[in-house]
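*Asks:* What follows is entry_8.cif, made up of mmCIF, C-alpha atoms and all ligand atoms:
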```
data_start
#
loop_
_atom_site.group_PDB
_atom_site.id
_atom_site.type_symbol
_atom_site.label_atom_id
_atom_site.label_comp_id
_atom_site.auth_asym_id
_atom_site.auth_seq_id
_atom_site.Cartn_x
_atom_site.Cartn_y
_atom_site.Cartn_z
ATOM 1 C CA MET L 1 315.083 87.385 119.665
ATOM 2 C CA ASN L 2 312.092 88.416 117.605
ATOM 3 C CA LEU L 3 312.621 91.989 118.672
ATOM 4 C CA THR L 4 316.245 91.874 117.562
ATOM 5 C CA VAL L 5 315.317 90.524 114.133
ATOM 6 C CA ALA L 6 312.649 93.170 113.775
ATOM 7 C CA THR L 7 315.082 95.909 114.765
ATOM 8 C CA LEU L 8 317.712 94.629 112.362
ATOM 9 C CA HIS L 9 315.124 94.407 109.633
ATOM 10 C CA GLY L 10 314.044 97.965 110.305
ATOM 11 C CA ARG L 11 317.635 99.157 110.122
ATOM 12 C CA LEU L 12 318.262 97.329 106.877
ATOM 13 C CA ARG L 13 315.171 98.861 105.365
ATOM 14 C CA GLY L 14 316.283 102.256 106.528
ATOM 15 C CA GLU L 15 319.675 101.763 104.931
ATOM 16 C CA MET L 16 318.154 100.577 101.683
ATOM 17 C CA ARG L 17 315.941 103.640 101.562
ATOM 18 C CA TRP L 18 318.975 105.808 102.192
ATOM 19 C CA ARG L 19 320.842 104.070 99.385
ATOM 20 C CA ALA L 20 317.901 104.427 97.045
ATOM 21 C CA SER L 21 317.771 108.163 97.620
ATOM 22 C CA LEU L 22 321.550 108.429 97.180
ATOM 23 C CA ILE L 23 321.224 106.642 93.848
ATOM 24 C CA ALA L 24 318.355 108.933 92.877
ATOM 25 C CA VAL L 25 320.435 112.006 93.694
ATOM 26 C CA LEU L 26 323.423 110.649 91.727
ATOM 27 C CA ALA L 27 321.157 109.873 88.764
ATOM 28 C CA LEU L 28 319.895 113.469 88.833
ATOM 29 C CA VAL L 29 323.430 114.844 88.969
ATOM 30 C CA VAL L 30 324.530 112.676 86.040
ATOM 31 C CA ALA L 31 321.421 113.577 84.049
ATOM 32 C CA GLY L 32 322.020 117.240 84.878
ATOM 33 C CA CYS L 33 325.565 117.116 83.498
ATOM 34 C CA GLY L 34 324.393 115.565 80.242
ATOM 35 C CA GLN L 35 321.708 118.216 80.047
ATOM 36 C CA ASN L 36 324.256 121.042 80.244
ATOM 37 C CA GLY L 37 326.234 119.737 77.272
ATOM 38 C CA ASN L 38 323.059 119.411 75.251
ATOM 39 C CA ASP L 39 321.939 122.851 76.265
ATOM 40 C CA ALA L 40 325.056 124.586 74.911
ATOM 41 C CA ALA L 41 324.672 122.722 71.608
ATOM 42 C CA SER L 42 320.944 123.397 71.346
ATOM 43 C CA ARG L 43 321.421 127.074 72.235
ATOM 44 C CA GLY L 44 324.097 127.148 69.536
ATOM 45 C CA LYS L 45 321.687 125.559 67.091
ATOM 46 C CA GLN L 46 319.143 128.301 67.792
ATOM 47 C CA VAL L 47 321.771 130.980 67.119
ATOM 48 C CA TYR L 48 322.874 129.187 63.963
ATOM 49 C CA LEU L 49 319.316 128.893 62.650
ATOM 50 C CA THR L 50 318.664 132.567 63.412
ATOM 51 C CA GLU L 51 321.921 134.176 62.256
ATOM 52 C CA CYS L 52 323.684 131.903 59.802
ATOM 53 C CA ILE L 53 321.333 129.996 57.501
ATOM 54 C CA ALA L 54 320.575 133.012 55.318
ATOM 55 C CA CYS L 55 323.875 132.025 53.677
ATOM 56 C CA HIS L 56 324.992 128.722 55.220
ATOM 57 C CA ASN L 57 323.088 125.449 54.855
ATOM 58 C CA PRO L 58 320.652 124.560 57.680
ATOM 59 C CA ASP L 59 322.777 121.382 57.806
ATOM 60 C CA PRO L 60 326.197 122.840 58.691
ATOM 61 C CA ALA L 61 327.939 119.808 57.146
ATOM 62 C CA ARG L 62 326.823 120.952 53.671
ATOM 63 C CA ASP L 63 327.499 124.030 51.555
ATOM 64 C CA GLY L 64 324.806 126.705 51.674
ATOM 65 C CA VAL L 65 323.621 129.163 49.024
ATOM 66 C CA LEU L 66 326.525 131.532 49.772
ATOM 67 C CA GLY L 67 328.626 130.160 52.616
ATOM 68 C CA PRO L 68 330.628 126.918 52.723
ATOM 69 C CA ALA L 69 330.038 123.962 55.055
ATOM 70 C CA ILE L 70 331.277 124.919 58.538
ATOM 71 C CA LYS L 71 330.695 121.732 60.530
ATOM 72 C CA GLY L 72 333.693 121.256 62.834
ATOM 73 C CA ALA L 73 334.598 124.964 62.840
ATOM 74 C CA SER L 74 336.798 125.585 65.890
ATOM 75 C CA ARG L 75 336.086 128.184 68.518
ATOM 76 C CA GLU L 76 339.133 130.174 67.281
ATOM 77 C CA LEU L 77 337.849 130.152 63.705
ATOM 78 C CA LEU L 78 334.359 131.200 64.818
ATOM 79 C CA GLU L 79 335.741 134.011 66.956
ATOM 80 C CA ALA L 80 337.909 135.331 64.127
ATOM 81 C CA LYS L 81 335.401 134.996 61.297
ATOM 82 C CA VAL L 82 332.098 135.758 63.030
ATOM 83 C CA LEU L 83 333.329 138.560 65.283
ATOM 84 C CA ARG L 84 336.054 140.171 63.142
ATOM 85 C CA GLY L 85 335.636 138.861 59.584
ATOM 86 C CA ALA L 86 339.146 137.415 59.866
ATOM 87 C CA TYR L 87 340.811 133.998 60.167
ATOM 88 C CA PRO L 88 343.081 132.533 62.851
ATOM 89 C CA PRO L 89 346.817 132.830 62.039
ATOM 90 C CA GLY L 90 347.901 130.172 59.559
ATOM 91 C CA TYR L 91 344.344 129.141 58.678
ATOM 92 C CA THR L 92 343.580 128.561 54.988
ATOM 93 C CA PRO L 93 340.031 129.837 54.301
ATOM 94 C CA LYS L 94 337.663 127.615 52.350
ATOM 95 C CA ARG L 95 336.795 130.561 50.108
ATOM 96 C CA ALA L 96 338.904 133.465 48.860
ATOM 97 C CA THR L 97 335.907 135.834 49.040
ATOM 98 C CA ALA L 98 335.111 138.182 51.947
ATOM 99 C CA LEU L 99 331.333 138.333 51.600
ATOM 100 C CA MET L 100 330.349 137.451 55.141
ATOM 101 C CA PRO L 101 329.713 140.475 57.350
ATOM 102 C CA PRO L 102 331.141 140.217 60.884
ATOM 103 C CA ILE L 103 328.469 139.927 63.598
ATOM 104 C CA PRO L 104 330.278 141.191 66.750
ATOM 105 C CA LYS L 105 327.119 141.081 68.894
ATOM 106 C CA LEU L 106 327.446 137.284 68.849
ATOM 107 C CA ALA L 107 330.571 137.354 71.060
ATOM 108 C CA PRO L 108 328.729 135.769 74.047
ATOM 109 C CA LYS L 109 327.293 133.043 71.769
ATOM 110 C CA ILE L 110 330.581 131.737 70.335
ATOM 111 C CA PRO L 111 330.952 128.867 72.873
ATOM 112 C CA ASP L 112 327.386 127.710 72.118
ATOM 113 C CA LEU L 113 327.973 127.934 68.359
ATOM 114 C CA ALA L 114 331.208 125.963 68.744
ATOM 115 C CA ALA L 115 329.355 123.312 70.800
ATOM 116 C CA PHE L 116 326.694 123.014 68.093
ATOM 117 C CA LEU L 117 329.173 122.857 65.189
ATOM 118 C CA ARG L 118 331.568 120.424 66.907
HETATM 119 C C1 LIG L 201 325.568 137.104 54.567
HETATM 120 C C2 LIG L 201 325.873 135.710 54.423
HETATM 121 C C3 LIG L 201 326.490 135.003 55.613
HETATM 122 C C4 LIG L 201 326.034 134.947 56.907
HETATM 123 C C5 LIG L 201 324.773 135.576 57.495
HETATM 124 C C6 LIG L 201 326.972 134.114 57.623
HETATM 125 N N1 LIG L 201 327.959 133.704 56.796
HETATM 126 FE FE1 LIG L 201 329.607 132.612 57.303
HETATM 127 N N2 LIG L 201 330.332 132.774 55.463
HETATM 128 C C7 LIG L 201 329.679 133.359 54.395
HETATM 129 C C8 LIG L 201 330.528 133.297 53.212
HETATM 130 C C9 LIG L 201 330.168 133.801 51.816
HETATM 131 C C10 LIG L 201 331.721 132.686 53.592
HETATM 132 C C11 LIG L 201 332.979 132.426 52.734
HETATM 133 C C12 LIG L 201 334.022 133.502 53.043
HETATM 134 C C13 LIG L 201 333.495 134.894 52.748
HETATM 135 O O1 LIG L 201 333.185 135.209 51.599
HETATM 136 O O2 LIG L 201 333.360 135.683 53.734
HETATM 137 C C14 LIG L 201 331.561 132.365 55.030
HETATM 138 C C15 LIG L 201 332.529 131.745 55.786
HETATM 139 C C16 LIG L 201 332.352 131.348 57.088
HETATM 140 C C17 LIG L 201 333.346 130.657 57.884
HETATM 141 C C18 LIG L 201 334.731 130.251 57.440
HETATM 142 C C19 LIG L 201 334.717 128.890 56.778
HETATM 143 C C20 LIG L 201 336.111 128.424 56.447
HETATM 144 O O3 LIG L 201 336.508 127.383 57.029
HETATM 145 O O4 LIG L 201 336.792 129.069 55.636
HETATM 146 C C21 LIG L 201 332.786 130.410 59.084
HETATM 147 C C22 LIG L 201 333.419 129.681 60.266
HETATM 148 C C23 LIG L 201 331.460 130.976 59.064
HETATM 149 N N3 LIG L 201 331.225 131.535 57.837
HETATM 150 C C24 LIG L 201 330.576 130.919 60.109
HETATM 151 C C25 LIG L 201 329.381 131.596 60.147
HETATM 152 C C26 LIG L 201 328.487 131.596 61.262
HETATM 153 C C27 LIG L 201 328.708 130.792 62.540
HETATM 154 C C28 LIG L 201 327.445 132.405 60.944
HETATM 155 C C29 LIG L 201 326.289 132.794 61.817
HETATM 156 C C30 LIG L 201 326.616 133.316 63.129
HETATM 157 C C31 LIG L 201 327.676 132.911 59.618
HETATM 158 N N4 LIG L 201 328.839 132.381 59.157
HETATM 159 C C32 LIG L 201 326.842 133.792 58.956
HETATM 160 C C33 LIG L 201 328.443 133.961 54.417
HETATM 161 C C34 LIG L 201 327.702 134.203 55.541
#
```
Output the structure of this file as structure tokens.

*Replies:*
Amino acid sequence: MNLTVATLHGRLRGEMRWRASLIAVLALVVAGCGQNGNDAASRGKQVYLTECIACHNPDPARDGVLGPAIKGASRELLEAKVLRGAYPPGYTPKRATALMPPIPKLAPKIPDLAAFLR
């Protein structure tokens, strides 16, 4: 009788440990996913602070010394304007000027920039 209870107890403890590690693994996976989203945005922020704030405001929601506010700029707009100095079809530019030089080397950074500006 005592032996049975002890065995059962041992099993239960084993199962609880197993569950605890499953929960720990799940927590890591969930945390990891959140991390990825943040990483794209924070990589984008680094690019923005390096390449854009000479003309745009460090706060992308506000106008800068030369460039307009670009918070919410879509990936299509960023691709067109940053890489080619153009605009997506049908898009009405915020400014009629064409002062901003295209920066084609940033092609691999567009998704990060879009994540930051979202
Ligand atoms: C040399 C100054 C300069 C730099 C550097 C610059 N921009 Fe611009 N940007 C401008 C100006 C000025 C405009 C307004 C249109 C024009 O004159 O080209 C503009 C317009 C834009 C637009 C279009 C806004 C709209 O909705 O009409 C986007 C998007 C944009 N910039 C993104 C960026 C990003 C992202 C970077 C950095 C990778 C960047 N710009 C770097 C000056 C600059």

*Asks:* Please, which residues have at least one atom within 9 Å of an atom of ligand LIG 201 (chain L), using all atoms listed in the file, listed as a ChimeraX atom specification?

*Replies:* /L:47-56,64-75,77-83,85-87,91-103,106,109-110,113-114,117

*Asks:* Just the number, please: distance in Å from CA of Ala115 (chain L) to CA of Gln46 (chain L), one decimal.

*Replies:*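 These two atoms are separated by 11.8 Å.
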
*Asks:* Looking at all atoms listed in the file, which of L:Arg84, L:Gly44, L:Pro60, L:Pro89 is the one that sits closest to Pro108 (chain L)?

*Replies:* L:Gly44

*Asks:* To one decimal place in Å, what is the distance between CA of Arg62 (chain L) and CA of Glu76 (chain L)?

*Replies:*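 Pair CA of Arg62 (chain L) / CA of Glu76 (chain L) returns 20.5 Å.
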
*Asks:* Could you tell me how far CA of Arg43 (chain L) lies from CA of Pro111 (chain L), in Å and to one decimal?

*Replies:* 9.7 Å
